[in-house]
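Trainee: The structure file start-v6.csv (CSV, C-alpha atoms and all ligand atoms) is provided below.
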chain,number,residue,atom,x,y,z
A,1,MET,CA,-61.5,68.4,-164.0
A,2,ALA,CA,-63.8,65.5,-164.7
A,3,GLY,CA,-61.2,63.8,-166.8
A,4,ASP,CA,-58.8,63.6,-163.8
A,5,ILE,CA,-61.3,61.9,-161.5
A,6,PRO,CA,-60.6,58.2,-161.2
A,7,THR,CA,-63.7,56.1,-161.7
A,8,PHE,CA,-64.3,53.0,-159.5
A,9,ASN,CA,-63.7,49.8,-161.3
A,10,PRO,CA,-64.2,46.8,-159.0
A,11,ASP,CA,-62.1,44.7,-161.4
A,12,ASP,CA,-59.1,46.9,-161.0
A,13,SER,CA,-57.8,44.7,-158.2
A,14,HIS,CA,-54.2,45.1,-159.3
A,15,ARG,CA,-54.2,48.8,-158.6
A,16,TYR,CA,-56.1,48.3,-155.3
A,17,ASN,CA,-53.6,45.6,-154.1
A,18,ARG,CA,-50.7,47.8,-155.1
A,19,GLN,CA,-52.1,50.6,-153.0
A,20,LEU,CA,-52.8,48.4,-150.0
A,21,THR,CA,-49.2,47.0,-150.2
A,22,GLU,CA,-47.8,50.5,-150.2
A,23,LEU,CA,-50.0,51.7,-147.4
A,24,GLY,CA,-49.3,48.6,-145.4
A,25,GLN,CA,-45.6,49.3,-145.7
A,26,ARG,CA,-46.1,52.9,-144.6
A,27,VAL,CA,-48.2,51.8,-141.6
A,28,LEU,CA,-45.4,49.5,-140.5
A,29,GLU,CA,-42.7,52.1,-141.0
A,30,ALA,CA,-44.5,55.1,-139.6
A,31,THR,CA,-43.6,56.4,-136.1
A,32,ASP,CA,-46.6,58.6,-135.8
A,33,ILE,CA,-49.9,58.0,-137.5
A,34,VAL,CA,-53.0,60.2,-137.4
A,35,CYS,CA,-56.4,59.1,-138.6
A,36,LEU,CA,-59.2,61.6,-139.3
A,37,THR,CA,-62.6,60.2,-139.6
A,38,GLY,CA,-66.0,61.6,-140.8
A,39,ALA,CA,-69.5,60.3,-141.0
A,40,GLY,CA,-68.6,57.7,-143.7
A,41,ALA,CA,-66.7,55.7,-141.0
A,42,SER,CA,-70.0,55.1,-139.2
A,43,ALA,CA,-72.2,54.6,-142.4
A,44,GLU,CA,-71.8,50.9,-142.4
A,45,SER,CA,-73.0,50.8,-138.8
A,46,GLY,CA,-76.3,52.2,-140.0
A,47,VAL,CA,-75.6,55.8,-138.8
A,48,PRO,CA,-76.5,58.0,-141.8
A,49,THR,CA,-74.0,60.5,-143.2
A,50,PHE,CA,-74.9,64.1,-143.5
A,51,ARG,CA,-74.8,64.9,-147.2
A,52,ASP,CA,-75.9,61.7,-149.0
A,53,ALA,CA,-78.6,62.9,-151.4
A,54,GLN,CA,-81.0,60.1,-150.5
A,55,THR,CA,-80.3,58.9,-146.9
A,56,GLY,CA,-78.1,61.8,-145.5
A,57,LEU,CA,-79.3,63.4,-142.3
A,58,TRP,CA,-79.5,66.8,-144.0
A,59,SER,CA,-81.6,65.4,-146.9
A,60,GLN,CA,-84.8,65.7,-145.1
A,61,TYR,CA,-84.1,68.7,-142.9
A,62,ASP,CA,-82.6,72.2,-143.2
A,63,PRO,CA,-79.2,72.0,-141.2
A,64,GLU,CA,-79.6,75.6,-140.0
A,65,GLU,CA,-83.0,74.7,-138.4
A,66,LEU,CA,-81.5,71.7,-136.5
A,67,ALA,CA,-77.9,72.6,-135.9
A,68,SER,CA,-77.5,76.2,-135.1
A,69,GLN,CA,-78.2,78.7,-132.3
A,70,ALA,CA,-80.9,80.4,-134.4
A,71,GLY,CA,-82.6,77.1,-135.0
A,72,PHE,CA,-82.5,76.1,-131.3
A,73,ALA,CA,-83.9,79.5,-130.3
A,74,ALA,CA,-86.7,79.3,-132.8
A,75,ASN,CA,-87.7,75.7,-132.0
A,76,PRO,CA,-85.9,74.2,-129.1
A,77,GLY,CA,-88.3,71.2,-128.9
A,78,LEU,CA,-87.6,70.2,-132.5
A,79,VAL,CA,-83.9,70.4,-132.0
A,80,TRP,CA,-84.0,68.4,-128.8
A,81,GLN,CA,-86.2,65.7,-130.3
A,82,TRP,CA,-84.0,65.4,-133.4
A,83,TYR,CA,-80.8,65.0,-131.4
A,84,MET,CA,-82.5,62.4,-129.1
A,85,MET,CA,-83.6,60.5,-132.2
A,86,ARG,CA,-80.0,60.5,-133.4
A,87,LEU,CA,-78.7,59.5,-130.0
A,88,ASN,CA,-81.1,56.5,-130.0
A,89,MET,CA,-79.8,55.6,-133.5
A,90,VAL,CA,-76.1,55.8,-132.3
A,91,GLU,CA,-76.9,53.7,-129.2
A,92,GLU,CA,-78.5,51.0,-131.3
A,93,ALA,CA,-75.5,50.9,-133.8
A,94,ASP,CA,-72.5,48.7,-133.3
A,95,PRO,CA,-69.0,49.4,-134.5
A,96,ASN,CA,-68.5,48.1,-138.0
A,97,ALA,CA,-65.5,46.1,-139.5
A,98,GLY,CA,-63.8,49.4,-140.3
A,99,HIS,CA,-63.9,50.7,-136.7
A,100,ILE,CA,-62.7,47.3,-135.4
A,101,LYS,CA,-59.7,47.1,-137.9
A,102,LEU,CA,-58.8,50.7,-137.3
A,103,ALA,CA,-58.5,49.9,-133.6
A,104,MET,CA,-56.0,47.1,-134.6
A,105,ILE,CA,-54.1,49.5,-136.8
A,106,SER,CA,-53.9,52.0,-133.9
A,107,THR,CA,-51.7,49.6,-131.9
A,108,ILE,CA,-49.0,49.3,-134.6
A,109,PRO,CA,-47.1,52.6,-134.6
A,110,PRO,CA,-45.4,54.1,-131.5
A,111,GLN,CA,-47.7,57.0,-131.7
A,112,PHE,CA,-51.3,57.0,-132.9
A,113,THR,CA,-53.9,59.8,-132.7
A,114,LEU,CA,-57.5,59.5,-133.8
A,115,ILE,CA,-59.3,62.7,-134.7
A,116,THR,CA,-63.0,62.4,-135.5
A,117,GLN,CA,-65.8,64.7,-136.7
A,118,ASN,CA,-68.3,62.2,-135.5
A,119,VAL,CA,-70.4,62.8,-132.4
A,120,ASP,CA,-70.9,59.0,-131.8
A,121,ASP,CA,-68.8,56.8,-129.6
A,122,LEU,CA,-68.3,53.9,-132.1
A,123,HIS,CA,-64.5,54.4,-132.2
A,124,GLU,CA,-64.3,54.2,-128.4
A,125,ARG,CA,-66.6,51.1,-128.4
A,126,SER,CA,-64.2,49.4,-130.9
A,127,GLY,CA,-61.3,49.9,-128.5
A,128,ILE,CA,-59.7,53.3,-129.2
A,129,HIS,CA,-60.1,55.1,-125.9
A,130,SER,CA,-58.4,58.4,-126.6
A,131,VAL,CA,-60.4,60.1,-129.4
A,132,LEU,CA,-60.3,63.8,-130.2
A,133,HIS,CA,-63.9,64.7,-131.0
A,134,LEU,CA,-63.8,67.9,-133.0
A,135,HIS,CA,-67.6,68.3,-133.2
A,136,GLY,CA,-68.4,67.2,-129.7
A,137,ASN,CA,-70.3,64.2,-128.3
A,138,ILE,CA,-74.0,63.5,-128.7
A,139,ALA,CA,-74.3,61.7,-125.4
A,140,ARG,CA,-73.0,64.6,-123.3
A,141,PHE,CA,-75.0,67.8,-122.5
A,142,ARG,CA,-74.5,71.3,-121.4
A,143,CYS,CA,-76.5,74.4,-120.6
A,144,ASN,CA,-76.8,76.6,-123.7
A,145,ASP,CA,-76.5,79.7,-121.5
A,146,CYS,CA,-74.1,79.0,-118.6
A,147,ARG,CA,-72.4,75.9,-120.0
A,148,ALA,CA,-73.0,73.8,-116.9
A,149,GLU,CA,-72.3,70.2,-117.9
A,150,TYR,CA,-74.8,67.3,-117.7
A,151,GLN,CA,-74.4,63.6,-118.1
A,152,LEU,CA,-76.9,61.4,-120.1
A,153,ILE,CA,-78.5,60.0,-116.9
A,154,MET,CA,-79.3,63.6,-115.7
A,155,VAL,CA,-81.6,64.5,-118.7
A,156,ASP,CA,-85.0,63.3,-119.7
A,157,ARG,CA,-84.4,62.2,-123.2
A,158,SER,CA,-88.0,61.5,-123.9
A,159,ALA,CA,-89.1,65.0,-123.1
A,160,ASP,CA,-90.7,67.2,-125.9
A,161,GLU,CA,-88.7,70.2,-124.8
A,162,PRO,CA,-85.1,70.5,-123.7
A,163,PRO,CA,-84.7,70.1,-119.9
A,164,SER,CA,-83.9,73.3,-117.9
A,165,CYS,CA,-80.5,73.9,-116.3
A,166,ARG,CA,-80.5,73.5,-112.5
A,167,VAL,CA,-78.0,76.3,-112.2
A,168,CYS,CA,-79.5,79.1,-114.3
A,169,GLY,CA,-82.7,77.7,-115.8
A,170,GLY,CA,-81.4,78.0,-119.4
A,171,PRO,CA,-82.1,75.2,-121.9
A,172,ILE,CA,-79.9,72.1,-121.9
A,173,ARG,CA,-78.5,71.1,-125.3
A,174,PRO,CA,-76.3,68.3,-126.6
A,175,ASP,CA,-72.6,69.1,-126.3
A,176,VAL,CA,-72.1,69.1,-130.1
A,177,VAL,CA,-70.8,71.8,-132.4
A,178,TRP,CA,-73.4,73.7,-134.4
A,179,PHE,CA,-72.9,75.8,-137.5
A,180,GLY,CA,-71.1,79.0,-136.7
A,181,GLU,CA,-69.8,77.7,-133.3
A,182,MET,CA,-66.2,77.3,-132.2
A,183,LEU,CA,-64.6,73.9,-132.1
A,184,PRO,CA,-63.7,72.6,-128.6
A,185,ARG,CA,-60.4,74.3,-127.9
A,186,GLU,CA,-58.5,71.4,-126.4
A,187,ALA,CA,-59.5,69.0,-129.1
A,188,ILE,CA,-58.6,71.2,-132.0
A,189,THR,CA,-55.3,72.2,-130.4
A,190,LEU,CA,-54.3,68.6,-129.8
A,191,ALA,CA,-55.5,67.7,-133.3
A,192,GLU,CA,-53.4,70.4,-134.9
A,193,GLN,CA,-50.3,69.4,-132.9
A,194,ALA,CA,-50.7,65.7,-134.0
A,195,ILE,CA,-51.3,66.7,-137.6
A,196,ARG,CA,-48.0,68.8,-137.7
A,197,ARG,CA,-45.9,66.0,-136.3
A,198,CYS,CA,-47.3,62.8,-138.0
A,199,ASP,CA,-45.6,61.1,-140.8
A,200,LEU,CA,-48.8,59.3,-142.1
A,201,LEU,CA,-52.4,60.7,-142.2
A,202,ILE,CA,-55.2,58.4,-143.1
A,203,VAL,CA,-58.5,60.2,-143.8
A,204,ILE,CA,-61.6,58.1,-143.7
A,205,GLY,CA,-65.2,58.9,-144.8
A,206,THR,CA,-65.3,62.6,-144.9
A,207,SER,CA,-66.6,64.9,-147.6
A,208,GLY,CA,-63.8,67.3,-146.7
A,209,ILE,CA,-65.9,70.4,-147.1
A,210,VAL,CA,-66.5,71.4,-143.5
A,211,TYR,CA,-63.9,73.7,-142.0
A,212,PRO,CA,-61.6,73.8,-140.1
A,213,ALA,CA,-61.5,70.0,-140.1
A,214,ALA,CA,-61.1,70.0,-143.9
A,215,MET,CA,-57.9,72.0,-143.5
A,216,LEU,CA,-56.2,69.2,-141.5
A,217,PRO,CA,-55.2,67.0,-144.4
A,218,ILE,CA,-53.7,70.1,-146.2
A,219,GLU,CA,-51.8,71.1,-143.1
A,220,ALA,CA,-50.5,67.5,-142.7
A,221,LYS,CA,-49.2,67.5,-146.2
A,222,ARG,CA,-47.6,70.9,-145.9
A,223,ALA,CA,-45.8,69.6,-142.8
A,224,GLY,CA,-44.4,66.6,-144.8
A,225,ALA,CA,-46.9,63.8,-144.0
A,226,PHE,CA,-48.0,61.2,-146.6
A,227,VAL,CA,-51.8,61.6,-146.9
A,228,VAL,CA,-54.1,58.8,-147.8
A,229,ASP,CA,-57.9,59.2,-148.4
A,230,ILE,CA,-60.2,56.2,-148.1
A,231,ASN,CA,-63.7,56.9,-149.5
A,232,PRO,CA,-66.1,55.4,-152.0
A,233,GLN,CA,-66.4,58.8,-153.7
A,234,TYR,CA,-63.6,61.0,-155.1
A,235,GLY,CA,-63.8,64.4,-153.4
A,236,PRO,CA,-61.8,67.5,-152.3
A,237,THR,CA,-59.6,65.4,-149.8
A,238,ALA,CA,-58.8,62.9,-152.5
A,239,GLU,CA,-57.7,65.7,-154.8
A,240,ASP,CA,-55.1,66.8,-152.4
A,241,ALA,CA,-54.1,63.4,-151.0
A,242,ASP,CA,-51.0,61.4,-152.1
A,243,MET,CA,-53.1,58.3,-152.4
A,244,PHE,CA,-56.8,57.8,-152.9
A,245,ILE,CA,-58.2,54.3,-152.1
A,246,GLN,CA,-61.7,54.1,-153.5
A,247,GLY,CA,-64.0,51.9,-151.4
A,248,PRO,CA,-66.0,51.7,-148.2
A,249,SER,CA,-63.9,51.7,-145.0
A,250,GLY,CA,-65.7,48.5,-143.8
A,251,SER,CA,-63.9,46.7,-146.7
A,252,VAL,CA,-60.7,48.7,-147.2
A,253,LEU,CA,-59.6,48.6,-143.6
A,254,PRO,CA,-60.0,44.8,-143.1
A,255,ASP,CA,-58.1,44.3,-146.4
A,256,LEU,CA,-55.3,46.6,-145.1
A,257,VAL,CA,-55.0,44.7,-141.9
A,258,ASP,CA,-54.8,41.5,-143.8
A,259,VAL,CA,-51.9,42.9,-145.9
A,260,VAL,CA,-50.1,44.2,-142.8
A,261,HIS,CA,-50.5,40.9,-141.0
A,262,THR,CA,-49.0,39.1,-144.0
A,263,MET,CA,-46.1,41.5,-144.0
A,264,GLN,CA,-45.5,40.9,-140.3
A,265,GLU,CA,-45.3,37.1,-140.7
B,1,LIG,P1,-70.6,64.0,-145.0
B,1,LIG,O1,-71.9,63.5,-145.0
B,1,LIG,O2,-70.3,65.4,-145.5
B,1,LIG,O3,-69.6,63.0,-145.9
B,1,LIG,C1,-69.6,61.7,-145.7
B,1,LIG,C2,-68.5,61.1,-146.5
B,1,LIG,O4,-68.4,59.7,-146.2
B,1,LIG,C3,-68.7,61.2,-148.0
B,1,LIG,O5,-67.5,61.7,-148.6
B,1,LIG,C4,-69.1,59.8,-148.5
B,1,LIG,O6,-68.6,59.5,-149.8
B,1,LIG,C5,-68.3,59.0,-147.4
B,1,LIG,N1,-68.7,57.6,-147.2
B,1,LIG,C6,-70.0,57.1,-147.3
B,1,LIG,N2,-70.0,55.8,-147.0
B,1,LIG,C7,-68.8,55.5,-146.7
B,1,LIG,C8,-68.2,54.3,-146.3
B,1,LIG,N3,-68.9,53.1,-146.1
B,1,LIG,N4,-66.8,54.3,-146.0
B,1,LIG,C9,-66.1,55.4,-146.2
B,1,LIG,N5,-66.6,56.6,-146.6
B,1,LIG,C10,-68.0,56.6,-146.8
B,1,LIG,O7,-69.9,63.8,-143.5
B,1,LIG,P2,-68.7,64.5,-142.9
B,1,LIG,O8,-67.6,64.7,-143.9
B,1,LIG,O9,-68.4,63.8,-141.6
B,1,LIG,O10,-70.7,68.7,-138.6
B,1,LIG,O11,-69.3,65.9,-142.5
B,1,LIG,C11,-68.5,66.8,-141.8
B,1,LIG,C12,-69.4,67.6,-140.8
B,1,LIG,O12,-70.5,68.1,-141.5
B,1,LIG,C13,-70.1,66.7,-139.8
B,1,LIG,O13,-69.2,66.4,-138.7
B,1,LIG,C14,-71.2,67.6,-139.4
B,1,LIG,C15,-71.7,68.1,-140.7
B,1,LIG,O14,-72.2,69.4,-140.7
B,1,LIG,C16,-71.4,69.1,-137.6
B,1,LIG,O15,-72.5,68.7,-137.2
B,1,LIG,C17,-70.7,70.3,-136.9
Spell out the structure here as structure tokens.
Ligand code: OAD
Mentor:
Amino acid sequence: MAGDIPTFNPDDSHRYNRQLTELGQRVLEATDIVCLTGAGASAESGVPTFRDAQTGLWSQYDPEELASQAGFAANPGLVWQWYMMRLNMVEEADPNAGHIKLAMISTIPPQFTLITQNVDDLHERSGIHSVLHLHGNIARFRCNDCRAEYQLIMVDRSADEPPSCRVCGGPIRPDVVWFGEMLPREAITLAEQAIRRCDLLIVIGTSGIVYPAAMLPIEAKRAGAFVVDINPQYGPTAEDADMFIQGPSGSVLPDLVDVVHTMQE
């Protein structure tokens, strides 16, 4: 209901500070923290989100054309070129303050698991080496037919058409999850295990409308975790969360780390 949706008021620093203090305490007390990130976590690095009406990746294209088996079959060259354009964008981007501070938070609890829907490597480049990529990795490749794996240096990224598999001749594609495809089994299994055992889940920068990732906060809450959503926009995840902190991750996470450091002094 619209009346229940909190509106952002930059002057409401009292509420914001109270939330950060509570979250800071929870971060220090938790034994097992899980963080789930979406495209919003990379937005301040200059990597567009998917659903922003003006700048989102899907705003100019039909997602089914670019991120589905049917789209790849119909126009493999378009799909290949689009992913190589995105790969260039990711390579030119640097981790933002949110990535860097999240890496600091990851060292605090005895157990920390990062689950991401992002296909970039900005979390890894900020220092979190073990990342569960639910939607794959844009810098890895595989044959669309026989699944033979290829590294970045083995493909011609400037080609107009996808390279051919050396094993079966099928088209090579980025190792990302497209609409209608299964998530990588190991990543989703480990993610669900982490979600069920964590005591604090921090969700950052996801619209919470793509399943099964969108189920993870609900599962965490059911299993007894405290769920926090950090996002400039109120959305489905915020609705179910125990705490919604409204703001960009590149500001909220540095503020959280400051609060935690003050508490540790
Ligand atoms: P979306 O584009 O759906 O949502 C991005 C979210 O980030 C929105 O809720 C924004 O409000 C929020 N956001 C924007 N800027 C932010 C910032 N600076 N800090 C924090 N949050 C910010 O992206 P995802 O939820 O990641 O899947 O989308 C999920 C999946 O849908 C993607 O992984 C992709 C797409 O289809 C596949 O490609 C399989």
Trainee: Compile a residue-level contact table for chain A against ligand LIG 1 (chain B) at a cut-off of 6 Å, reporting for every qualifying residue the shortest atom pair and its distance in Å to one decimal, with all atoms listed in the file counted, rows ordered by chain and ascending number, as CSV.
Mentor:
residue,atom,partner,partner_atom,distance
A:Gly38,CA,B:LIG1,O9,3.4
A:Ala39,CA,B:LIG1,O9,3.7
A:Gly40,CA,B:LIG1,O4,3.2
A:Ala41,CA,B:LIG1,N4,5.2
A:Ala43,CA,B:LIG1,N3,5.2
A:Glu44,CA,B:LIG1,N3,5.2
A:Thr49,CA,B:LIG1,O1,4.1
A:Phe50,CA,B:LIG1,O1,3.4
A:Arg51,CA,B:LIG1,O1,3.9
A:Asp52,CA,B:LIG1,O1,5.9
A:Gln117,CA,B:LIG1,O13,4.3
A:Asn118,CA,B:LIG1,O13,5.4
A:His135,CA,B:LIG1,C17,5.2
A:Val177,CA,B:LIG1,C17,4.7
A:Trp178,CA,B:LIG1,C17,5.0
A:Phe179,CA,B:LIG1,C17,6.0
A:Ile204,CA,B:LIG1,C9,5.8
A:Gly205,CA,B:LIG1,N5,3.2
A:Thr206,CA,B:LIG1,O8,3.3
A:Ser207,CA,B:LIG1,O5,3.5
A:Gly208,CA,B:LIG1,O8,5.4
A:Val210,CA,B:LIG1,C11,5.3
A:Asn231,CA,B:LIG1,N5,4.1
A:Pro232,CA,B:LIG1,O6,5.3
A:Gln233,CA,B:LIG1,O6,4.5
A:Pro248,CA,B:LIG1,N4,3.5
A:Ser249,CA,B:LIG1,N4,4.0
Trainee: Write out as a PyMOL selection string the residues lying within 12 Å of A:Glu92, counting all atoms listed in the file and excluding same-chain residues fewer than 4 positions away.
Mentor: chain A and resi 45-47+85-88+120-122
Trainee: Just want the 12 Å neighbourhood of A:Asp32, counted on only C-alpha atoms, with same-chain residues fewer than 4 positions away dropped. Output as number ranges by chain.
Mentor: A: 26-28, 105-114, 193-202, 220, 225-226
Trainee: Those same residues, written as a PDB file, in the frame of the given file with C-alpha atoms?
Mentor:
ATOM      1  CA  ARG A  26     -46.100  52.900-144.600  1.00  0.00           C
ATOM      2  CA  VAL A  27     -48.200  51.800-141.600  1.00  0.00           C
ATOM      3  CA  LEU A  28     -45.400  49.500-140.500  1.00  0.00           C
ATOM      4  CA  ILE A 105     -54.100  49.500-136.800  1.00  0.00           C
ATOM      5  CA  SER A 106     -53.900  52.000-133.900  1.00  0.00           C
ATOM      6  CA  THR A 107     -51.700  49.600-131.900  1.00  0.00           C
ATOM      7  CA  ILE A 108     -49.000  49.300-134.600  1.00  0.00           C
ATOM      8  CA  PRO A 109     -47.100  52.600-134.600  1.00  0.00           C
ATOM      9  CA  PRO A 110     -45.400  54.100-131.500  1.00  0.00           C
ATOM     10  CA  GLN A 111     -47.700  57.000-131.700  1.00  0.00           C
ATOM     11  CA  PHE A 112     -51.300  57.000-132.900  1.00  0.00           C
ATOM     12  CA  THR A 113     -53.900  59.800-132.700  1.00  0.00           C
ATOM     13  CA  LEU A 114     -57.500  59.500-133.800  1.00  0.00           C
ATOM     14  CA  GLN A 193     -50.300  69.400-132.900  1.00  0.00           C
ATOM     15  CA  ALA A 194     -50.700  65.700-134.000  1.00  0.00           C
ATOM     16  CA  ILE A 195     -51.300  66.700-137.600  1.00  0.00           C
ATOM     17  CA  ARG A 196     -48.000  68.800-137.700  1.00  0.00           C
ATOM     18  CA  ARG A 197     -45.900  66.000-136.300  1.00  0.00           C
ATOM     19  CA  CYS A 198     -47.300  62.800-138.000  1.00  0.00           C
ATOM     20  CA  ASP A 199     -45.600  61.100-140.800  1.00  0.00           C
ATOM     21  CA  LEU A 200     -48.800  59.300-142.100  1.00  0.00           C
ATOM     22  CA  LEU A 201     -52.400  60.700-142.200  1.00  0.00           C
ATOM     23  CA  ILE A 202     -55.200  58.400-143.100  1.00  0.00           C
ATOM     24  CA  ALA A 220     -50.500  67.500-142.700  1.00  0.00           C
ATOM     25  CA  ALA A 225     -46.900  63.800-144.000  1.00  0.00           C
ATOM     26  CA  PHE A 226     -48.000  61.200-146.600  1.00  0.00           C
TER      27      PHE A 226
END
Trainee: Which of these residues is nearest to A:His133, using only C-alpha atoms: A:Asp145, A:Gly98, A:Thr189, A:Met154?
Mentor: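 Counting only C-alpha atoms, the residue closest to A:His133 is A:Thr189.
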Trainee: So how far away is atom CA of A:Val34 from atom CA of A:Val203, in Å?
Mentor: 8.4 Å
Trainee: Taking only C-alpha atoms into account, name the residue in A:Asp12, A:Glu192, A:Glu65, A:Asp258 that is nearest to A:Val79.
Mentor: A:Glu65
